>>> print(open('final_19.txt').read())   # compact mmCIF, C-alpha atoms
# COMPACT_ATOMS: atom_id res chain seq x y z
CA MET A 1 -2.84 -4.64 36.34
CA SER A 2 -3.40 -8.24 37.43
CA GLU A 3 -0.73 -9.84 39.56
CA LYS A 4 1.25 -12.91 38.56
CA ILE A 5 2.56 -14.47 41.76
CA LEU A 6 5.26 -17.13 42.13
CA VAL A 7 5.45 -19.05 45.42
CA ILE A 8 8.71 -20.99 45.85
CA GLY A 9 8.56 -23.68 48.53
CA ALA A 10 4.81 -24.07 48.20
CA ASN A 11 4.65 -27.52 49.85
CA GLY A 12 5.74 -26.38 53.30
CA GLN A 13 3.80 -25.46 56.41
CA ILE A 14 3.45 -21.81 55.35
CA GLY A 15 3.36 -22.34 51.59
CA THR A 16 0.46 -24.78 51.65
CA GLU A 17 -1.79 -22.21 53.29
CA LEU A 18 -0.34 -19.13 51.58
CA VAL A 19 -0.97 -20.54 48.08
CA THR A 20 -4.59 -21.24 49.00
CA ALA A 21 -5.04 -17.71 50.39
CA LEU A 22 -3.36 -16.02 47.42
CA ARG A 23 -5.45 -18.00 44.93
CA ALA A 24 -8.60 -16.97 46.77
CA VAL A 25 -7.61 -13.30 46.37
CA HIS A 26 -5.98 -13.21 42.92
CA GLY A 27 -7.47 -16.22 41.13
CA ALA A 28 -6.05 -19.72 40.79
CA GLY A 29 -4.39 -19.11 37.42
CA GLN A 30 -2.46 -16.09 38.69
CA VAL A 31 -0.61 -17.94 41.47
CA ILE A 32 2.12 -20.39 40.40
CA ALA A 33 2.98 -22.82 43.17
CA SER A 34 6.47 -24.32 42.96
CA ASP A 35 8.56 -26.75 44.97
CA ILE A 36 11.33 -29.32 44.60
CA ASN A 37 8.90 -32.11 45.58
CA ASN A 38 5.48 -33.28 44.47
CA PRO A 39 2.79 -31.06 46.00
CA ALA A 40 -0.29 -31.92 47.97
CA TYR A 41 -3.26 -32.83 45.79
CA ALA A 42 -5.10 -29.59 46.53
CA ILE A 43 -2.20 -27.38 45.45
CA ARG A 44 -1.42 -29.39 42.32
CA ASN A 45 -5.03 -29.39 41.14
CA SER A 46 -6.21 -25.91 42.11
CA GLY A 47 -3.82 -24.00 39.85
CA PRO A 48 -0.46 -24.05 38.03
CA PHE A 49 2.51 -25.88 39.55
CA GLU A 50 6.20 -25.95 38.59
CA PHE A 51 9.04 -28.10 39.88
CA VAL A 52 11.76 -25.72 41.09
CA ASN A 53 15.13 -26.21 42.77
CA VAL A 54 16.02 -22.85 44.29
CA LEU A 55 19.72 -23.76 44.12
CA ASP A 56 19.54 -24.29 40.34
CA LYS A 57 19.71 -20.73 39.01
CA ASP A 58 19.21 -21.79 35.38
CA ASN A 59 16.04 -23.63 36.36
CA LEU A 60 14.86 -20.59 38.32
CA HIS A 61 15.71 -18.26 35.42
CA HIS A 62 13.54 -20.38 33.13
CA ILE A 63 10.60 -20.13 35.55
CA PHE A 64 10.97 -16.34 35.92
CA HIS A 65 11.21 -15.94 32.13
CA LYS A 66 8.23 -18.21 31.51
CA HIS A 67 5.85 -16.62 34.02
CA GLN A 68 7.17 -13.02 34.38
CA PRO A 69 6.01 -12.77 38.01
CA THR A 70 5.05 -9.43 39.53
CA GLN A 71 5.40 -10.86 43.06
CA VAL A 72 7.61 -13.65 44.42
CA TYR A 73 7.31 -15.40 47.77
CA LEU A 74 10.46 -17.36 48.67
CA LEU A 75 9.60 -19.89 51.39
CA ALA A 76 12.10 -22.66 50.66
CA ALA A 77 14.34 -23.14 53.73
CA ILE A 78 15.81 -25.65 56.15
CA LEU A 79 14.51 -24.86 59.64
CA SER A 80 16.23 -24.76 63.02
CA ALA A 81 16.27 -28.35 64.28
CA VAL A 82 17.05 -29.92 60.89
CA GLY A 83 19.59 -27.17 60.24
CA GLU A 84 21.63 -28.25 63.24
CA GLN A 85 21.82 -31.77 61.80
CA LYS A 86 22.78 -30.52 58.32
CA PRO A 87 24.44 -27.15 58.93
CA LYS A 88 26.23 -26.59 55.62
CA MET A 89 23.24 -27.76 53.61
CA ALA A 90 21.03 -25.37 55.62
CA TRP A 91 23.38 -22.43 55.00
CA ASP A 92 23.59 -23.19 51.28
CA LEU A 93 19.85 -23.53 50.77
CA ASN A 94 18.88 -20.58 52.97
CA MET A 95 21.52 -18.19 51.62
CA THR A 96 22.22 -19.17 48.01
CA GLY A 97 18.52 -19.66 47.31
CA LEU A 98 17.74 -16.16 48.60
CA ILE A 99 20.49 -14.49 46.56
CA HIS A 100 19.37 -16.34 43.41
CA VAL A 101 15.84 -15.02 43.86
CA LEU A 102 16.97 -11.47 44.68
CA ASP A 103 19.18 -11.39 41.56
CA LEU A 104 16.39 -12.67 39.32
CA ALA A 105 13.87 -10.29 40.87
CA VAL A 106 16.12 -7.38 39.90
CA GLU A 107 16.71 -8.82 36.41
CA PHE A 108 13.00 -9.39 35.71
CA ASN A 109 11.74 -6.20 37.41
CA VAL A 110 9.64 -8.03 39.98
CA ALA A 111 7.51 -5.48 41.82
CA LYS A 112 7.58 -7.15 45.28
CA VAL A 113 9.46 -9.99 46.97
CA PHE A 114 8.48 -11.64 50.25
CA TRP A 115 11.02 -13.60 52.28
CA PRO A 116 10.36 -14.92 55.79
CA SER A 117 12.77 -14.34 58.63
CA SER A 118 12.31 -15.70 62.15
CA ILE A 119 12.66 -15.04 65.87
CA ALA A 120 15.72 -17.31 65.48
CA VAL A 121 17.70 -14.16 64.52
CA PHE A 122 17.82 -13.34 68.23
CA GLY A 123 20.28 -15.06 70.53
CA PRO A 124 21.25 -15.60 74.16
CA HIS A 125 22.30 -11.95 74.66
CA SER A 126 19.15 -10.48 73.10
CA PRO A 127 16.56 -9.15 75.58
CA GLN A 128 14.34 -12.15 76.39
CA TYR A 129 11.13 -10.32 77.18
CA ASN A 130 9.35 -7.92 74.84
CA THR A 131 12.33 -8.25 72.49
CA PRO A 132 12.57 -4.99 70.50
CA GLN A 133 12.94 -4.52 66.77
CA TYR A 134 16.55 -3.37 67.21
CA CYS A 135 18.81 -4.97 69.81
CA VAL A 136 21.79 -7.29 70.22
CA MET A 137 21.36 -10.20 67.79
CA ASP A 138 23.75 -13.11 68.33
CA PRO A 139 22.00 -16.23 66.99
CA ASN A 140 23.81 -19.48 67.72
CA THR A 141 22.09 -21.77 65.21
CA VAL A 142 22.79 -22.04 61.48
CA TYR A 143 19.12 -21.31 60.82
CA GLY A 144 19.31 -18.18 62.99
CA PHE A 145 22.42 -16.67 61.50
CA SER A 146 21.33 -17.56 57.96
CA LYS A 147 18.14 -15.62 58.64
CA LEU A 148 20.07 -12.69 60.11
CA ALA A 149 22.40 -12.63 57.08
CA GLY A 150 19.34 -12.90 54.82
CA GLU A 151 17.82 -9.83 56.45
CA ARG A 152 20.97 -7.88 55.63
CA TRP A 153 20.85 -9.05 51.99
CA CYS A 154 17.19 -8.01 51.71
CA GLU A 155 17.88 -4.53 53.03
CA TYR A 156 20.99 -4.29 50.81
CA TYR A 157 19.03 -5.12 47.64
CA ASN A 158 16.38 -2.59 48.62
CA THR A 159 18.99 0.14 49.18
CA LYS A 160 21.29 -0.68 46.26
CA TYR A 161 18.81 -1.80 43.58
CA GLY A 162 15.49 -0.37 44.77
CA LEU A 163 14.02 -3.87 45.05
CA ASP A 164 10.82 -3.88 47.13
CA VAL A 165 11.64 -6.74 49.52
CA ARG A 166 9.38 -7.31 52.51
CA SER A 167 9.88 -9.66 55.43
CA LEU A 168 8.46 -10.84 58.76
CA ARG A 169 10.26 -12.40 61.70
CA TYR A 170 7.77 -15.21 62.24
CA PRO A 171 7.36 -16.69 65.70
CA GLY A 172 6.58 -20.41 66.02
CA LEU A 173 3.67 -21.19 63.69
CA ILE A 174 0.78 -23.48 64.54
CA GLY A 175 -1.65 -24.81 61.94
CA TRP A 176 -3.70 -27.89 61.12
CA ARG A 177 -3.58 -27.97 57.31
CA ALA A 178 0.04 -29.08 56.87
CA ASN A 179 2.72 -30.82 58.89
CA PRO A 180 5.48 -28.73 60.51
CA GLY A 181 8.86 -28.64 58.82
CA GLY A 182 11.48 -29.51 61.45
CA GLY A 183 11.52 -26.48 63.72
CA THR A 184 12.04 -26.05 67.45
CA THR A 185 8.43 -24.98 68.00
CA ASP A 186 6.94 -28.07 66.31
CA TYR A 187 5.78 -29.50 69.65
CA ALA A 188 2.89 -27.03 69.59
CA VAL A 189 1.51 -28.74 66.47
CA HIS A 190 2.39 -32.35 67.35
CA ILE A 191 0.69 -32.08 70.74
CA PHE A 192 -2.74 -31.66 69.14
CA HIS A 193 -2.32 -34.67 66.86
CA GLU A 194 -1.13 -36.87 69.71
CA ALA A 195 -3.85 -35.67 72.09
CA LEU A 196 -6.57 -36.64 69.62
CA LYS A 197 -4.97 -39.90 68.44
CA HIS A 198 -3.43 -41.28 71.65
CA GLY A 199 -4.53 -39.07 74.55
CA LYS A 200 -0.93 -38.37 75.55
CA TYR A 201 2.17 -36.52 74.39
CA GLU A 202 5.84 -36.35 75.37
CA SER A 203 7.12 -32.81 74.89
CA PHE A 204 10.71 -32.39 73.77
CA LEU A 205 10.71 -28.95 75.47
CA SER A 206 10.51 -28.53 79.24
CA ALA A 207 7.21 -27.62 80.92
CA ASP A 208 8.05 -23.95 81.51
CA THR A 209 9.74 -23.10 78.19
CA ALA A 210 7.91 -19.95 77.04
CA LEU A 211 8.17 -19.11 73.34
CA PRO A 212 6.43 -16.64 71.02
CA MET A 213 3.88 -18.48 68.84
CA MET A 214 1.22 -17.58 66.30
CA TYR A 215 -1.75 -19.31 64.76
CA MET A 216 -1.28 -19.87 61.04
CA ASP A 217 -4.42 -17.90 60.12
CA ASP A 218 -2.89 -14.82 61.76
CA ALA A 219 0.50 -15.44 60.10
CA ILE A 220 -1.06 -15.64 56.62
CA ARG A 221 -3.13 -12.54 57.27
CA ALA A 222 -0.05 -10.66 58.49
CA THR A 223 1.86 -11.68 55.35
CA LEU A 224 -0.88 -10.53 52.98
CA THR A 225 -1.40 -7.29 54.92
CA LEU A 226 2.31 -6.47 54.77
CA MET A 227 2.45 -7.22 51.04
CA ASP A 228 -0.60 -5.01 50.40
CA ALA A 229 0.77 -2.06 52.40
CA PRO A 230 1.95 1.01 50.45
CA ALA A 231 5.73 0.98 50.09
CA GLU A 232 6.04 4.47 51.54
CA LYS A 233 4.49 3.25 54.83
CA LEU A 234 7.25 0.69 55.44
CA SER A 235 10.11 1.82 57.66
CA ILE A 236 11.72 -1.63 58.06
CA ARG A 237 13.50 -3.21 55.09
CA SER A 238 15.31 -5.94 57.00
CA SER A 239 12.40 -7.78 58.66
CA TYR A 240 9.52 -6.76 60.93
CA ASN A 241 9.14 -8.21 64.41
CA LEU A 242 5.86 -10.13 64.55
CA ALA A 243 4.30 -11.20 67.84
CA GLY A 244 1.48 -13.59 68.51
CA ILE A 245 0.92 -15.35 71.81
CA SER A 246 3.62 -16.53 74.21
CA PHE A 247 2.97 -19.69 76.23
CA THR A 248 4.66 -22.77 77.68
CA PRO A 249 4.03 -26.48 76.97
CA LYS A 250 2.44 -26.71 80.43
CA GLU A 251 0.00 -23.89 79.69
CA LEU A 252 -0.93 -25.35 76.30
CA ALA A 253 -1.39 -28.84 77.77
CA ALA A 254 -3.70 -27.48 80.49
CA LEU A 255 -6.04 -25.96 77.90
CA ILE A 256 -6.05 -29.16 75.84
CA LYS A 257 -6.81 -31.17 79.00
CA ASP A 258 -9.77 -28.87 79.71
CA ARG A 259 -11.21 -30.01 76.37
CA ILE A 260 -9.88 -33.63 76.40
CA PRO A 261 -10.02 -34.62 80.09
CA ASN A 262 -8.05 -37.87 79.70
CA PHE A 263 -5.10 -36.11 78.02
CA GLU A 264 -1.70 -36.46 79.75
CA ILE A 265 1.60 -34.74 78.98
CA SER A 266 5.11 -35.85 79.90
CA TYR A 267 8.49 -34.26 79.27
CA ALA A 268 11.67 -35.68 77.71
CA ASP A 269 14.76 -35.76 79.93
CA SER A 270 16.90 -34.05 77.30
CA ASP A 271 16.61 -32.93 73.69
CA PRO A 272 18.93 -30.76 71.57
CA ARG A 273 16.00 -28.52 70.67
CA GLN A 274 15.80 -27.33 74.29
CA ALA A 275 19.08 -25.42 73.97
CA ILE A 276 17.79 -23.73 70.81
CA ALA A 277 14.56 -22.71 72.54
CA ASP A 278 16.47 -21.38 75.56
CA SER A 279 18.40 -18.99 73.29
CA TRP A 280 15.24 -17.45 71.83
CA PRO A 281 13.01 -14.66 73.18
CA LYS A 282 10.07 -15.35 75.49
CA SER A 283 7.98 -12.53 74.00
CA ILE A 284 8.29 -10.04 71.12
CA ASP A 285 7.60 -6.32 70.71
CA ASP A 286 5.96 -5.85 67.30
CA SER A 287 4.76 -2.28 67.79
CA GLN A 288 6.50 -1.10 64.60
CA ALA A 289 4.32 -3.44 62.52
CA THR A 290 1.24 -1.97 64.22
CA ILE A 291 2.41 1.59 63.55
CA ASP A 292 3.46 1.03 59.92
CA TRP A 293 0.78 -1.27 58.53
CA GLY A 294 -1.85 -1.76 61.22
CA TRP A 295 -0.95 -5.24 62.43
CA LYS A 296 -3.25 -6.73 65.08
CA ILE A 297 -3.51 -10.33 66.27
CA GLU A 298 -6.90 -12.11 66.18
CA TYR A 299 -6.23 -15.53 67.78
CA ASP A 300 -5.48 -15.75 71.49
CA LEU A 301 -4.49 -19.09 73.04
CA PRO A 302 -7.97 -20.47 73.91
CA LYS A 303 -9.36 -19.50 70.49
CA MET A 304 -6.43 -21.19 68.77
CA VAL A 305 -6.80 -24.38 70.82
CA ASP A 306 -10.51 -24.61 70.01
CA ASP A 307 -9.93 -24.07 66.29
CA MET A 308 -7.05 -26.57 66.09
CA LEU A 309 -9.04 -29.32 67.84
CA ALA A 310 -12.21 -28.67 65.84
CA ASN A 311 -10.41 -28.89 62.49
CA LEU A 312 -8.12 -31.80 63.34
CA LYS A 313 -11.07 -33.86 64.57
CA LYS A 314 -12.50 -33.63 61.05
CA ILE A 315 -9.37 -34.88 59.28
CA LEU A 316 -7.74 -37.36 61.69
>>> encode(input="final_19.txt", output="structure tokens")
Amino acid sequence: MSEKILVIGANGQIGTELVTALRAVHGAGQVIASDINNPAYAIRNSGPFEFVNVLDKDNLHHIFHKHQPTQVYLLAAILSAVGEQKPKMAWDLNMTGLIHVLDLAVEFNVAKVFWPSSIAVFGPHSPQYNTPQYCVMDPNTVYGFSKLAGERWCEYYNTKYGLDVRSLRYPGLIGWRANPGGGTTDYAVHIFHEALKHGKYESFLSADTALPMMYMDDAIRATLTLMDAPAEKLSIRSSYNLAGISFTPKELAALIKDRIPNFEISYADSDPRQAIADSWPKSIDDSQATIDWGWKIEYDLPKMVDDMLANLKKIL
């Protein structure tokens, strides 16, 4: 049976690349991109597109009825830094949107749902190094505790209704095809743009702030691999830990400077995103993903830096 896949929040940093990857696998006509805003030219013109407000359940119901999706990817969210500026809006979008989609997935017998969680579910009392799948989780941002609550809803719908929901706790994501969406790890994308355009960058995080990161190519591959895995292989129905590469702004800047010798980095005196970063893990244990569905990273830090610079040089 051919898949009919609905991607909600297709204009974002993940959605832009996920739609392209899904259309390459399943065919352009089988992947419906949707978002509340006008999409990028490539997404709008490479396959079907629908305007969708995830908070408007009647609108969503119409889209589900019209397309009868077999898979749904819900990517619409307000991220960590923006969420702290608009906390109630972030909670409403991140929570109500998820429950709308879970309800409609049950009603329309959707075979699989993907919903992204985040390392933001961990907090200041979580183990900071090699953070395990199960541990103390005390997030202190609206984004973090909306993601933690969302994980509980996903597992609840799987247990109570048999809905096949799958999820990944993404680390900070780095890619060149789309702009980041207002997260605490955005510096690791902005730094490449500024290095190529201006030869300098002021980091809003301190020099030695280590955070788990991942190149977007690996994140997309992890998502598709998880969604292709047999259901009986999956032991986690909340959200899988996913690790990439952990590094600091200083370490990233040094590699960029190796390739752009005149590049200089400076550091802001204070930024509210620093406190968010300080509450997150430094590194992640994702061994359960390796055991259950064979996850393995491909991009280390030097390989990622080379690929980012090579691709951004073409488009800037």
>>> atom_distance(input="final_19.txt", atom1="CA of Ser126 (chain A)", atom2="CA of Ile236 (chain A)")
19.0 Å
>>> closest_residue(input="final_19.txt", among="A:Phe108, A:Tyr240, A:Tyr134, A:Phe49", to="Gln288 (chain A)", atoms="only C-alpha atoms")
A:Tyr240
>>> residues_around(input="final_19.txt", residues="region 166-171 of chain A", least_positions_apart="5", cutoff="6 Å", atoms="only C-alpha atoms", output="PDB file with C-alpha atoms, in the frame of the given file")
ATOM      1  CA  PHE A 114       8.480 -11.640  50.250  1.00  0.00           C
ATOM      2  CA  TRP A 115      11.020 -13.600  52.280  1.00  0.00           C
ATOM      3  CA  PRO A 116      10.360 -14.920  55.790  1.00  0.00           C
ATOM      4  CA  SER A 117      12.770 -14.340  58.630  1.00  0.00           C
ATOM      5  CA  SER A 118      12.310 -15.700  62.150  1.00  0.00           C
ATOM      6  CA  ILE A 119      12.660 -15.040  65.870  1.00  0.00           C
ATOM      7  CA  PRO A 212       6.430 -16.640  71.020  1.00  0.00           C
ATOM      8  CA  MET A 213       3.880 -18.480  68.840  1.00  0.00           C
ATOM      9  CA  SER A 239      12.400  -7.780  58.660  1.00  0.00           C
ATOM     10  CA  TYR A 240       9.520  -6.760  60.930  1.00  0.00           C
ATOM     11  CA  ASN A 241       9.140  -8.210  64.410  1.00  0.00           C
ATOM     12  CA  LEU A 242       5.860 -10.130  64.550  1.00  0.00           C
TER      13      LEU A 242
END
>>> atom_distance(input="final_19.txt", atom1="CA of Phe247 (chain A)", atom2="CA of Val121 (chain A)")
19.6 Å
>>> atom_distance(input="final_19.txt", atom1="CA of Asp217 (chain A)", atom2="CA of Gly175 (chain A)")
7.7 Å
>>> closest_residue(input="final_19.txt", among="A:Ala219, A:Ala188, A:Val142, A:Ala40", to="Lys88 (chain A)", atoms="only C-alpha atoms")
A:Val142
>>> closest_residue(input="final_19.txt", among="A:Leu55, A:Ile220, A:Val72, A:Val7", to="Gly97 (chain A)", atoms="all atoms listed in the file")
A:Leu55
>>> closest_residue(input="final_19.txt", among="A:Leu6, A:Tyr187, A:Ala21, A:Tyr143", to="Pro249 (chain A)", atoms="only C-alpha atoms")
A:Tyr187
>>> residues_around(input="final_19.txt", residues="Gly150 (chain A)", least_positions_apart="5", cutoff="8 Å", atoms="all atoms listed in the file", output="VMD selection string")
chain A and resid 94 to 95 98 117
>>> closest_residue(input="final_19.txt", among="A:Ser203, A:Thr248, A:Ser270, A:Thr290", to="Ser235 (chain A)", atoms="all atoms listed in the file")
A:Thr290
>>> closest_residue(input="final_19.txt", among="A:Met214, A:Ala277, A:Leu226, A:Ala81", to="Lys303 (chain A)", atoms="only C-alpha atoms")
A:Met214
>>> residues_around(input="final_19.txt", residues="region 305-311 of chain A", least_positions_apart="2", cutoff="9 Å", atoms="only C-alpha atoms", output="list of chain:residue names")
A:Ile174, A:Gly175, A:Trp176, A:Arg177, A:Val189, A:Phe192, A:His193, A:Leu196, A:Leu252, A:Leu255, A:Ile256, A:Arg259, A:Asp300, A:Leu301, A:Pro302, A:Lys303, A:Lys313, A:Lys314, A:Ile315, A:Leu316
>>> residues_around(input="final_19.txt", residues="Tyr157 (chain A)", least_positions_apart="6", cutoff="9 Å", atoms="only C-alpha atoms", output="PyMOL selection string")
chain A and resi 102-103+106+163-165
>>> residues_near_point(input="final_19.txt", point="(-5.4, -16.9, 40.4)", cutoff="10 Å", atoms="all atoms listed in the file", output="VMD selection string")
chain A and resid 2 to 5 19 to 20 22 to 32 46 to 48
>>> residues_around(input="final_19.txt", residues="Thr16 (chain A)", least_positions_apart="5", cutoff="8 Å", atoms="all atoms listed in the file", output="mmCIF file with C-alpha atoms, keeping the file's coordinate frame")
data_model
loop_
_atom_site.group_PDB
_atom_site.id
_atom_site.type_symbol
_atom_site.label_atom_id
_atom_site.label_comp_id
_atom_site.auth_asym_id
_atom_site.auth_seq_id
_atom_site.Cartn_x
_atom_site.Cartn_y
_atom_site.Cartn_z
ATOM 1 C CA ALA A 10 4.810 -24.070 48.200
ATOM 2 C CA ASN A 11 4.650 -27.520 49.850
ATOM 3 C CA ILE A 43 -2.200 -27.380 45.450
ATOM 4 C CA ARG A 177 -3.580 -27.970 57.310
ATOM 5 C CA ALA A 178 0.040 -29.080 56.870
#
>>> residues_near_point(input="final_19.txt", point="(10.8, -22.7, 72.8)", cutoff="7 Å", atoms="all atoms listed in the file", output="ChimeraX atom specification")
/A:184-185,205,209-211,274,277-278,280
